[in-house]
Amino acid sequence: MSIGEPVVPLKWKKYLTLVDFGFLSAHELAADIRRYQINNVRRLASDLRSDIQDDVRRARRSFYVVKLVPADLPGQLPNFNVERSSQLKQLAPFLAAHNSEKYLEAWYCRTRIDPDVFSVAGRIVFSAGDNGKTQLVEQLWRGSPRRLETYSKDFAFPYVRASRYSWGWPYSMEHVHLPPESTLSTSEVRSEFGYSMRCIEQEREKIAAFCAFLDSFCFKAYSLEYKIVGSQLKLIDWDTPNDTRVLASQEFSIPLSCD
Amino acid sequence: MLVAEVDAVLRRVWDAVCHYWEPNKIHGHGPDHAMRVYSMGLQLSAASGADPLVVGAGCYIHDAGMRPDIGRVGHIERSLQIASALCEEIPDLASVRDLLLTTIRYHEAEIPFPGQLPAEAACVRDADTLDRQGFTGIRMTLQYGVWLGRPLCHSTDPLCRERTPDLNGFTMDYVRYLESLPQYLATPLARSHCWQKQEERELYCSEFHSRFRQRRMRDHEDALQLVMAQMLSESHVG
């Protein structure tokens, strides 16, 4: 369900920037992110339940992330993760816990994580680091990239951290983590990481153009988040030290490009 | 716990979190900040009788949630998540979980605490506040300003003599703002250490202003060179 847009949340504008740079179409974006007005979260819960039931019927596994979205925050929004219908009963307390805050919309998105489907998510930090390495990648298997923020020895997902000097250079693997219950071996993780990076390399031109745009703001670092399901790479988000400044420049550029 | 046991747990905590700090060197909040706060935190805990395990772990984790791409935004929440995960992993931390999370949740001097702050939380908070003062604080603030792409200072009133600091506007405004933090220091030892930090800030601001008037303070690079030179000079005197 799409809604009218009297106020476009800053987070949505960030996603639209990915459309502007050709990473996905507006139609794909609208299909990937289901948006609901905050007073219509019952509908969100109902649609989410239907999607999970649909997964069960098709013998698929997905995880869903519900996000609460205010008008003016570009990131770090409250998230609620769901994989099974039974977890939906925690959704109401999650919404109630944030009831007093000013959220305009609630969104949810889905990622397939069936064991027989290749599914990874990660973040590339582009920076002017003092060791000369300008690209740092963290990637996990079958989970949300937000989980990267809580990596520890007990981490429940296979995880890789790697870095390289720049485009075209090989990655040096800095850390590989396999949880005890992982069905992947270290060599499989390394191999799948290599495959993931080749998928990213195929989008190099677009990514480099986007990076050149962000470089124009003279930030020392920024990041892109991605997920790869099957063979499909999707750039799903980006972060900079000052997203508002970046988006303001975009708004300014729109009328100019229309002239 | 024996001192050696506390040390062993704290080493384990550092091993688990150091990779979070490393990339944050880019905005001045790298491992060196963790180490200075840790060292000061343990001094404050020894003076006040606070639990060194909680203080040490709190110091090692307090800013671990910062990120090289988005910096401070949401960092306390992420640091809390990191601490929670470590409490699951390290049994000695599990027994002090609530207190450890309190030290992290309230580590910034500006965050009001309801009621009396536990001694351990006061130590972590004061240790961090002290590191945000003086030369170390000025250097971190300048590095953060470079990373953020924020202008160095106002064109006619660089040190906010006749303005309210505009924290998002100018890096030097943030440096001036940091002067307001010592009032929040809770431990006597931190308050006594703060005098030296204030002297460092006065020395820096005085020289900054002099160079600014001579048009020798053009950008963050000039401002960083000044603080590095003063730090070097201070270490030779010491």
# chains A, B, ... in the order shown; residues from 1 in each chain; ligands from 1
call {"tool": "interface_residues", "arguments": {"of": "chain A", "to": "chain B", "cutoff": "6 Å", "atoms": "only C-alpha atoms", "output": "list in words"}}
result
Thr150, Cys218, Phe219, Lys220, Ala221, Tyr222, Ser223, Thr240 and Pro241 of chain A
call {"tool": "residues_around", "arguments": {"residues": "stretch 179-187 of chain B", "least_positions_apart": "2", "cutoff": "7 Å", "atoms": "only C-alpha atoms", "output": "compact mmCIF listing (two decimals) with N, CA, C and O atoms, in the first residue's frame"}}
result
# COMPACT_ATOMS: atom_id res chain seq x y z
N ALA B 109 28.59 13.77 29.73
CA ALA B 109 28.32 14.70 30.84
C ALA B 109 27.00 15.44 30.67
O ALA B 109 26.35 15.80 31.66
N ALA B 122 29.87 7.43 37.56
CA ALA B 122 30.52 8.75 37.71
C ALA B 122 31.97 8.68 37.23
O ALA B 122 32.46 9.62 36.59
N ASP B 126 33.20 10.91 34.21
CA ASP B 126 34.22 11.93 34.47
C ASP B 126 35.47 11.68 33.62
O ASP B 126 36.11 12.61 33.14
N ARG B 176 34.58 25.82 22.31
CA ARG B 176 34.15 26.74 23.38
C ARG B 176 33.06 26.11 24.24
O ARG B 176 33.02 26.27 25.46
N TYR B 177 32.17 25.38 23.57
CA TYR B 177 31.08 24.72 24.30
C TYR B 177 31.63 23.74 25.34
O TYR B 177 31.08 23.61 26.44
N LEU B 189 38.73 13.92 42.35
CA LEU B 189 39.98 13.78 41.60
C LEU B 189 39.83 14.33 40.17
O LEU B 189 40.72 15.00 39.66
N ALA B 190 38.68 14.08 39.55
CA ALA B 190 38.46 14.59 38.19
C ALA B 190 38.43 16.12 38.22
O ALA B 190 38.99 16.78 37.33
N ARG B 191 37.81 16.68 39.24
CA ARG B 191 37.76 18.15 39.33
C ARG B 191 39.16 18.73 39.50
O ARG B 191 39.48 19.77 38.94
call {"tool": "atom_distance", "arguments": {"atom1": "atom CA of B:Asp222", "atom2": "atom CA of B:Gly134"}}
result
17.4 Å
call {"tool": "select_by_dssp", "arguments": {"residues": "stretch 44-179 of chain B", "states": "alpha helix (DSSP H)", "output": "PyMOL selection string"}}
result
chain B and resi 44-48+52-61+75-89+91-94+97-105+119-131+134-148+171-177
call {"tool": "closest_residue", "arguments": {"among": "B:Ser39, B:Gln230, B:Gln196, B:Thr141", "to": "B:Phe208", "atoms": "only C-alpha atoms"}}
result
B:Gln230
call {"tool": "atom_distance", "arguments": {"atom1": "atom CA of A:Phe193", "atom2": "atom CA of A:Gln139"}}
result
7.9 Å
call {"tool": "residues_around", "arguments": {"residues": "B:Ala46", "least_positions_apart": "6", "cutoff": "10 Å", "atoms": "only C-alpha atoms", "output": "list in words"}}
result
Met40, Pro52 and Cys123 of chain B
call {"tool": "residues_around", "arguments": {"residues": "A:Cys109", "least_positions_apart": "3", "cutoff": "6 Å", "atoms": "only C-alpha atoms", "output": "list in words"}}
result
Asp32, Ile33, Tyr64 and Val65 of chain A
call {"tool": "write_last_selection", "arguments": {"atoms": "N, CA and C atoms", "output": "PDB file, in the first residue's frame"}}
result
ATOM      1  N   ASP A  32       9.796  -2.913  -2.671  1.00  0.00           N
ATOM      2  CA  ASP A  32      10.680  -3.431  -1.612  1.00  0.00           C
ATOM      3  C   ASP A  32      10.309  -2.896  -0.241  1.00  0.00           C
ATOM      4  N   ILE A  33       9.906  -1.628  -0.192  1.00  0.00           N
ATOM      5  CA  ILE A  33       9.603  -0.991   1.096  1.00  0.00           C
ATOM      6  C   ILE A  33       8.100  -0.733   1.148  1.00  0.00           C
ATOM      7  N   TYR A  64      11.883 -10.118   8.179  1.00  0.00           N
ATOM      8  CA  TYR A  64      11.226  -8.845   7.911  1.00  0.00           C
ATOM      9  C   TYR A  64      11.738  -7.827   8.920  1.00  0.00           C
ATOM     10  N   VAL A  65      11.928  -6.616   8.455  1.00  0.00           N
ATOM     11  CA  VAL A  65      12.319  -5.531   9.356  1.00  0.00           C
ATOM     12  C   VAL A  65      11.237  -4.464   9.304  1.00  0.00           C
TER      13      VAL A  65
END
call {"tool": "closest_residue", "arguments": {"among": "A:Leu235, A:Phe94, A:His175, A:Asp243", "to": "A:Glu28", "atoms": "only C-alpha atoms"}}
result
A:Leu235
call {"tool": "residues_around", "arguments": {"residues": "stretch 76-85 of chain A", "least_positions_apart": "3", "cutoff": "10 Å", "atoms": "only C-alpha atoms", "output": "MDAnalysis selection string"}}
result
(chainID A and resid 11 48:53 55:56 61:70 73 88:91 94:95 98 103 106:111 113 143:144 146 239) or (chainID B and resid 70 73:75 77:78)
call {"tool": "write_last_selection", "arguments": {"atoms": "N, CA and C atoms", "output": "short mmCIF file (atom, residue, chain, number, x, y, z; two decimals), in the first residue's frame"}}
result
data_model
loop_
_atom_site.label_atom_id
_atom_site.label_comp_id
_atom_site.auth_asym_id
_atom_site.auth_seq_id
_atom_site.Cartn_x
_atom_site.Cartn_y
_atom_site.Cartn_z
N LYS A 11 14.17 9.84 5.35
CA LYS A 11 14.68 8.50 5.04
C LYS A 11 14.23 8.07 3.63
N LEU A 48 1.85 -8.03 7.02
CA LEU A 48 3.07 -8.74 7.40
C LEU A 48 2.72 -10.20 7.75
N ARG A 49 1.65 -10.37 8.48
CA ARG A 49 1.21 -11.73 8.82
C ARG A 49 0.93 -12.54 7.54
N SER A 50 0.26 -11.89 6.57
CA SER A 50 -0.05 -12.58 5.31
C SER A 50 1.23 -12.99 4.59
N ASP A 51 2.21 -12.08 4.58
CA ASP A 51 3.47 -12.40 3.90
C ASP A 51 4.17 -13.59 4.56
N ILE A 52 4.15 -13.61 5.89
CA ILE A 52 4.81 -14.71 6.59
C ILE A 52 4.08 -16.02 6.30
N GLN A 53 2.75 -15.95 6.29
CA GLN A 53 1.98 -17.16 5.98
C GLN A 53 2.25 -17.63 4.55
N ASP A 55 5.05 -17.22 2.98
CA ASP A 55 6.36 -17.89 3.03
C ASP A 55 6.19 -19.34 3.47
N VAL A 56 5.37 -19.53 4.50
CA VAL A 56 5.19 -20.89 5.02
C VAL A 56 4.58 -21.79 3.93
N ARG A 61 11.84 -19.11 3.65
CA ARG A 61 12.12 -18.40 4.90
C ARG A 61 12.54 -16.98 4.56
N SER A 62 11.99 -16.02 5.28
CA SER A 62 12.38 -14.62 5.08
C SER A 62 12.51 -13.97 6.44
N PHE A 63 13.26 -12.89 6.50
CA PHE A 63 13.15 -12.06 7.69
C PHE A 63 12.62 -10.70 7.27
N TYR A 64 11.88 -10.12 8.18
CA TYR A 64 11.23 -8.84 7.91
C TYR A 64 11.74 -7.83 8.92
N VAL A 65 11.93 -6.62 8.46
CA VAL A 65 12.32 -5.53 9.36
C VAL A 65 11.24 -4.46 9.30
N VAL A 66 10.67 -4.19 10.46
CA VAL A 66 9.70 -3.10 10.58
C VAL A 66 10.46 -1.88 11.10
N LYS A 67 10.19 -0.75 10.50
CA LYS A 67 10.93 0.47 10.85
C LYS A 67 9.94 1.58 11.16
N LEU A 68 10.20 2.35 12.19
CA LEU A 68 9.36 3.52 12.48
C LEU A 68 10.07 4.76 11.94
N VAL A 69 9.31 5.58 11.22
CA VAL A 69 9.96 6.63 10.44
C VAL A 69 9.41 8.02 10.79
N PRO A 70 10.25 8.88 11.35
CA PRO A 70 9.84 10.27 11.57
C PRO A 70 10.11 11.10 10.31
N LEU A 73 14.53 12.31 10.43
CA LEU A 73 15.75 11.56 10.76
C LEU A 73 16.18 10.71 9.57
N LEU A 88 5.14 -11.97 15.99
CA LEU A 88 4.34 -10.77 15.74
C LEU A 88 3.68 -10.24 16.99
N LYS A 89 3.52 -11.09 17.99
CA LYS A 89 2.88 -10.58 19.21
C LYS A 89 3.77 -9.56 19.93
N GLN A 90 5.05 -9.54 19.58
CA GLN A 90 5.94 -8.53 20.17
C GLN A 90 5.87 -7.19 19.44
N LEU A 91 5.17 -7.20 18.31
CA LEU A 91 5.10 -5.96 17.52
C LEU A 91 4.34 -4.86 18.27
N PHE A 94 6.40 -3.24 20.86
CA PHE A 94 7.43 -2.41 20.20
C PHE A 94 6.83 -1.06 19.79
N LEU A 95 5.63 -1.13 19.18
CA LEU A 95 4.99 0.12 18.75
C LEU A 95 4.61 0.97 19.95
N HIS A 98 7.32 3.06 21.48
CA HIS A 98 7.70 4.27 20.74
C HIS A 98 6.51 5.17 20.47
N TYR A 103 6.50 9.72 15.02
CA TYR A 103 6.72 8.99 13.78
C TYR A 103 5.57 9.22 12.83
N ALA A 106 5.19 3.83 9.27
CA ALA A 106 5.85 2.57 9.63
C ALA A 106 6.07 1.82 8.32
N TRP A 107 7.25 1.24 8.17
CA TRP A 107 7.58 0.53 6.94
C TRP A 107 7.98 -0.89 7.28
N TYR A 108 7.88 -1.74 6.28
CA TYR A 108 8.56 -3.02 6.45
C TYR A 108 9.14 -3.50 5.14
N CYS A 109 10.17 -4.28 5.24
CA CYS A 109 10.79 -4.86 4.05
C CYS A 109 11.15 -6.31 4.35
N ARG A 110 11.43 -7.06 3.31
CA ARG A 110 11.62 -8.50 3.44
C ARG A 110 12.92 -8.92 2.77
N THR A 111 13.57 -9.90 3.38
CA THR A 111 14.75 -10.50 2.75
C THR A 111 14.65 -12.01 2.86
N ILE A 113 15.84 -15.71 3.25
CA ILE A 113 17.01 -16.33 3.87
C ILE A 113 16.91 -17.86 3.85
N GLY A 143 20.98 -12.36 7.25
CA GLY A 143 20.57 -11.47 8.33
C GLY A 143 20.56 -10.03 7.85
N SER A 144 20.13 -9.14 8.76
CA SER A 144 20.04 -7.72 8.41
C SER A 144 21.39 -7.04 8.64
N ARG A 146 21.91 -4.28 9.84
CA ARG A 146 21.91 -3.59 11.15
C ARG A 146 22.57 -4.46 12.22
N ASP A 239 24.98 6.06 4.19
CA ASP A 239 25.11 6.94 5.36
C ASP A 239 26.33 7.82 5.21
N ILE B 70 28.96 7.39 10.28
CA ILE B 70 27.93 8.28 10.85
C ILE B 70 28.34 8.85 12.21
N VAL B 73 26.11 9.63 15.93
CA VAL B 73 24.66 9.43 15.83
C VAL B 73 24.28 8.01 16.27
N GLY B 74 23.46 7.92 17.30
CA GLY B 74 22.99 6.62 17.78
C GLY B 74 24.05 5.79 18.48
N HIS B 75 25.20 6.40 18.83
CA HIS B 75 26.31 5.57 19.32
C HIS B 75 26.05 4.99 20.70
N GLU B 77 23.22 3.91 21.94
CA GLU B 77 22.37 2.73 21.76
C GLU B 77 23.22 1.55 21.24
N ARG B 78 24.10 1.84 20.28
CA ARG B 78 24.93 0.75 19.75
C ARG B 78 25.92 0.26 20.80
#
call {"tool": "atom_distance", "arguments": {"atom1": "atom CA of B:Met172", "atom2": "atom CA of B:Met231"}}
result
17.8 Å
